[in-house]
Structures are given as structure tokens and as C-alpha cells.
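Since the structure comes first, as C-alpha cells, the remarks are kept for the end.
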Amino acid sequence: MKKNGILNGPINARLSTLGHGHLVLITDCGMPLPNSAAVVDLALVKGTPAFSEVLRAVLADIEVEGSIIATEASGTVVENAVRGEGLSPEFVSHEELKAMLDEARLIIRTGEATSFANVALRCGVTF
């Protein structure tokens, strides 16, 4: 049994295959997701699990060189949550962020019900 970190098997399986430049998206419960094996749906009820909880757990397990959020999230609790984890997000339109779903190696749907609570994380390397 794992002693700590993310316990979800499908998430762990995908995290272990990430390489430099790959995208991981953490989304709110309203994001229109592709029918893809990259999707892991954690949404239980509105608000559970929270965007910030999932973001924190994922960041503890992967190296991130960049993050992207929607311009519409600028100045909101979403930007604050991302910056609060030590990230300096780039901004793109919500439509551009949704287009990144097709490129993502992992998409985690949370139960978050806050508008535009989505982030794309670009993987870095540890060396």
C-alpha cells in the first residue's frame, strides 16, 4: 500500500507516464470533457473534491514548468488558488483552454462549482 501522496490508481498510472512538456488539466465539474482515456472523473457532489485540493495533491507529485488559466479567471479565487501554490499562470481565453483538452495526457475533473476553475499544467523535468 502507498504510504502517502495520491491514492487514486488511474491518476497514479497516468502521472507515472508524464514527460517534459506534457499537459495535465484540472477542471471544474462543468468543463465539457472529451470522451478520452485521459479523463479521470473525481467529481462526487458539487464542491467535492475542491479544485484547490486536487491542484495541491497533483503539484506534490509532478514537476511543473508552467501553468495556464483562462483570462476570465483573472483576479478571482481561481487565480489566487493557482498563485497560492507558487505558480505564475499564463492567460488564454476559456475557448483556448478548452482546446487544450485534446492535447492533455491527463484530465482530472473535480467537483468544483466555481466558474472557470480550470488549470493546464505543463510538466517540467527534475534535472
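Naming scheme: A, B, ... for chains in displayed order of the C-alpha cells; residues 1 onward per chain; ligands 1 onward as shown.
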
Those of chain A in DSSP strand (DSSP E or B), formatted as a PyMOL selection string: chain A and resi 23-27+39-41+45+48+64-70+90-92+106-109+119-123

Residues flagged alpha helix (DSSP H) by DSSP in stretch 5-124 of chain A, as a CSV table (one decimal) with N, CA and C atoms, in the first residue's frame:
chain,number,residue,atom,x,y,z
A,9,GLY,N,-5.7,5.1,-8.2
A,9,GLY,CA,-4.9,4.3,-9.2
A,9,GLY,C,-4.8,4.8,-10.6
A,10,PRO,N,-6.0,5.2,-11.2
A,10,PRO,CA,-5.9,5.7,-12.6
A,10,PRO,C,-5.1,7.0,-12.7
A,11,ILE,N,-5.2,7.9,-11.6
A,11,ILE,CA,-4.3,9.1,-11.7
A,11,ILE,C,-2.9,8.7,-11.6
A,12,ASN,N,-2.5,7.9,-10.6
A,12,ASN,CA,-1.1,7.4,-10.4
A,12,ASN,C,-0.6,6.8,-11.7
A,13,ALA,N,-1.4,6.0,-12.4
A,13,ALA,CA,-0.9,5.3,-13.6
A,13,ALA,C,-0.6,6.4,-14.7
A,14,ARG,N,-1.4,7.4,-14.8
A,14,ARG,CA,-1.1,8.4,-15.8
A,14,ARG,C,0.0,9.4,-15.4
A,15,LEU,N,0.1,9.7,-14.1
A,15,LEU,CA,1.2,10.6,-13.6
A,15,LEU,C,2.5,9.9,-13.9
A,51,PHE,N,-11.3,22.1,-6.3
A,51,PHE,CA,-10.2,22.4,-7.2
A,51,PHE,C,-8.9,22.5,-6.5
A,52,SER,N,-8.8,23.3,-5.5
A,52,SER,CA,-7.6,23.6,-4.8
A,52,SER,C,-7.0,22.4,-4.1
A,53,GLU,N,-7.8,21.5,-3.6
A,53,GLU,CA,-7.3,20.2,-3.0
A,53,GLU,C,-6.6,19.4,-4.1
A,54,VAL,N,-7.3,19.2,-5.2
A,54,VAL,CA,-6.7,18.4,-6.3
A,54,VAL,C,-5.5,19.0,-6.8
A,55,LEU,N,-5.5,20.3,-7.0
A,55,LEU,CA,-4.3,21.0,-7.5
A,55,LEU,C,-3.1,20.8,-6.6
A,56,ARG,N,-3.3,21.0,-5.3
A,56,ARG,CA,-2.3,20.8,-4.3
A,56,ARG,C,-1.7,19.4,-4.3
A,57,ALA,N,-2.6,18.4,-4.4
A,57,ALA,CA,-2.1,17.0,-4.4
A,57,ALA,C,-1.3,16.6,-5.7
A,58,VAL,N,-1.8,17.1,-6.8
A,58,VAL,CA,-1.1,16.9,-8.1
A,58,VAL,C,0.3,17.5,-8.1
A,59,LEU,N,0.3,18.8,-7.6
A,59,LEU,CA,1.6,19.5,-7.6
A,59,LEU,C,2.6,18.9,-6.7
A,60,ALA,N,2.2,18.1,-5.7
A,60,ALA,CA,3.1,17.4,-4.8
A,60,ALA,C,3.7,16.2,-5.5
A,61,ASP,N,3.1,15.8,-6.6
A,61,ASP,CA,3.6,14.6,-7.3
A,61,ASP,C,4.3,14.8,-8.6
A,77,VAL,N,-10.8,33.9,-7.3
A,77,VAL,CA,-10.3,32.9,-6.3
A,77,VAL,C,-9.5,31.8,-7.1
A,78,VAL,N,-9.8,31.6,-8.3
A,78,VAL,CA,-9.1,30.6,-9.1
A,78,VAL,C,-7.7,31.0,-9.3
A,79,GLU,N,-7.5,32.3,-9.8
A,79,GLU,CA,-6.1,32.8,-9.9
A,79,GLU,C,-5.4,32.7,-8.6
A,80,ASN,N,-6.1,33.1,-7.5
A,80,ASN,CA,-5.5,33.1,-6.2
A,80,ASN,C,-5.0,31.7,-5.8
A,81,ALA,N,-5.9,30.7,-6.1
A,81,ALA,CA,-5.5,29.3,-5.7
A,81,ALA,C,-4.3,28.9,-6.5
A,82,VAL,N,-4.2,29.2,-7.7
A,82,VAL,CA,-3.1,28.8,-8.6
A,82,VAL,C,-1.8,29.5,-8.1
A,83,ARG,N,-1.9,30.8,-7.9
A,83,ARG,CA,-0.7,31.6,-7.4
A,83,ARG,C,-0.4,31.2,-6.0
A,84,GLY,N,-1.3,30.8,-5.2
A,84,GLY,CA,-1.1,30.4,-3.8
A,84,GLY,C,-0.3,29.1,-3.8
A,94,HIS,N,-10.9,31.2,-22.4
A,94,HIS,CA,-11.5,30.0,-22.0
A,94,HIS,C,-11.6,29.0,-23.2
A,95,GLU,N,-12.0,29.5,-24.3
A,95,GLU,CA,-12.1,28.6,-25.5
A,95,GLU,C,-10.7,28.0,-25.9
A,96,GLU,N,-9.6,28.8,-25.7
A,96,GLU,CA,-8.3,28.3,-26.0
A,96,GLU,C,-7.9,27.2,-25.0
A,97,LEU,N,-8.3,27.4,-23.7
A,97,LEU,CA,-8.0,26.4,-22.7
A,97,LEU,C,-8.8,25.1,-23.0
A,98,LYS,N,-10.1,25.3,-23.4
A,98,LYS,CA,-10.8,24.1,-23.7
A,98,LYS,C,-10.2,23.3,-24.9
A,99,ALA,N,-9.6,24.0,-25.8
A,99,ALA,CA,-9.0,23.4,-27.0
A,99,ALA,C,-7.8,22.5,-26.5

Shell of 12 Å around A:Pro49, only C-alpha atoms, local chain residues under 4 positions omitted, as a PyMOL selection string: chain A and resi 26-29+41-45+53-57+108-113

Limited to N, CA and C atoms, could you put the picked residues into a file as a tab-separated table (two decimals), in the first residue's frame?
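Result written to again32.tsv:
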chain	number	residue	atom	x	y	z
A	26	ILE	N	-6.63	20.21	-14.78
A	26	ILE	CA	-7.51	20.02	-13.63
A	26	ILE	C	-8.70	20.94	-13.88
A	27	THR	N	-9.91	20.36	-13.89
A	27	THR	CA	-11.08	21.13	-14.32
A	27	THR	C	-12.18	21.15	-13.28
A	28	ASP	N	-13.07	22.12	-13.46
A	28	ASP	CA	-14.28	22.18	-12.64
A	28	ASP	C	-15.28	21.16	-13.17
A	29	CYS	N	-16.40	21.02	-12.47
A	29	CYS	CA	-17.36	19.98	-12.85
A	29	CYS	C	-18.17	20.34	-14.10
A	41	ASP	N	-12.50	11.13	-13.65
A	41	ASP	CA	-13.58	11.92	-13.06
A	41	ASP	C	-13.63	11.67	-11.56
A	42	LEU	N	-13.26	12.68	-10.78
A	42	LEU	CA	-13.30	12.59	-9.32
A	42	LEU	C	-14.54	13.24	-8.73
A	43	ALA	N	-15.35	13.93	-9.55
A	43	ALA	CA	-16.50	14.68	-9.04
A	43	ALA	C	-17.45	13.75	-8.30
A	44	LEU	N	-17.78	14.12	-7.08
A	44	LEU	CA	-18.72	13.36	-6.26
A	44	LEU	C	-20.02	14.13	-6.12
A	45	VAL	N	-19.93	15.32	-5.55
A	45	VAL	CA	-21.04	16.26	-5.46
A	45	VAL	C	-20.44	17.64	-5.68
A	53	GLU	N	-7.82	21.49	-3.62
A	53	GLU	CA	-7.31	20.25	-3.01
A	53	GLU	C	-6.64	19.36	-4.05
A	54	VAL	N	-7.28	19.22	-5.20
A	54	VAL	CA	-6.74	18.38	-6.26
A	54	VAL	C	-5.46	19.01	-6.82
A	55	LEU	N	-5.47	20.31	-7.03
A	55	LEU	CA	-4.29	21.01	-7.52
A	55	LEU	C	-3.11	20.77	-6.58
A	56	ARG	N	-3.32	20.95	-5.30
A	56	ARG	CA	-2.25	20.78	-4.31
A	56	ARG	C	-1.69	19.35	-4.34
A	57	ALA	N	-2.58	18.36	-4.42
A	57	ALA	CA	-2.14	16.97	-4.43
A	57	ALA	C	-1.34	16.64	-5.69
A	108	ILE	N	-8.23	15.78	-15.03
A	108	ILE	CA	-8.87	15.42	-13.77
A	108	ILE	C	-10.06	16.34	-13.56
A	109	ARG	N	-11.26	15.77	-13.55
A	109	ARG	CA	-12.49	16.54	-13.28
A	109	ARG	C	-12.74	16.52	-11.79
A	110	THR	N	-12.84	17.71	-11.22
A	110	THR	CA	-13.13	17.86	-9.79
A	110	THR	C	-14.63	18.12	-9.61
A	111	GLY	N	-15.03	18.26	-8.37
A	111	GLY	CA	-16.41	18.64	-8.09
A	111	GLY	C	-16.59	20.15	-7.96
A	112	GLU	N	-15.54	20.88	-8.25
A	112	GLU	CA	-15.56	22.34	-8.10
A	112	GLU	C	-16.67	22.97	-8.93
A	113	ALA	N	-17.45	23.86	-8.31
A	113	ALA	CA	-18.55	24.53	-8.98
A	113	ALA	C	-18.33	26.04	-9.08

Selected residue, from A:Lys2, A:Ala38, A:His20, A:Ser74, that lies nearest to A:Phe127 when counting only C-alpha atoms: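 Counting only C-alpha atoms, the residue closest to A:Phe127 is A:His20.
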
Neighbour list for A:Leu25 as a ChimeraX atom specification, cut-off 8 Å, only C-alpha atoms, skip fewer than 3 positions in-chain: /A:101,104,106-108,118-121

Best match for closeness to A:Pro34 among A:Ala117, A:Met100, A:Ile62, A:Leu18, counting only C-alpha atoms: A:Met100

Coordinates-based distance that separates atom CA of A:Glu90 from atom CA of A:Val64 (Å, one decimal):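 Atom-to-atom, atom CA of A:Val64 and atom CA of A:Glu90 are spaced 13.1 Å apart.
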
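Restricting the calculation to only C-alpha atoms, the smallest distance between A:Ser93 and any of A:Ile69, A:Val39, A:Ser115, A:Gly21 is found for A:Ile69.
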
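In terms of minimum interatomic distance to A:Thr76, A:Thr114 ranks closest within A:Thr114, A:Asn35, A:Ser88, A:Thr48, counting only C-alpha atoms.
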
Point-to-point distance in Å for atom CA of A:Gly86 and atom CA of A:Leu33: 26.8 Å

Two-atom distance - atom CA of A:Leu23, atom CA of A:Arg122 (Å):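 Result for atom CA of A:Leu23 versus atom CA of A:Arg122: 4.8 Å, one decimal.
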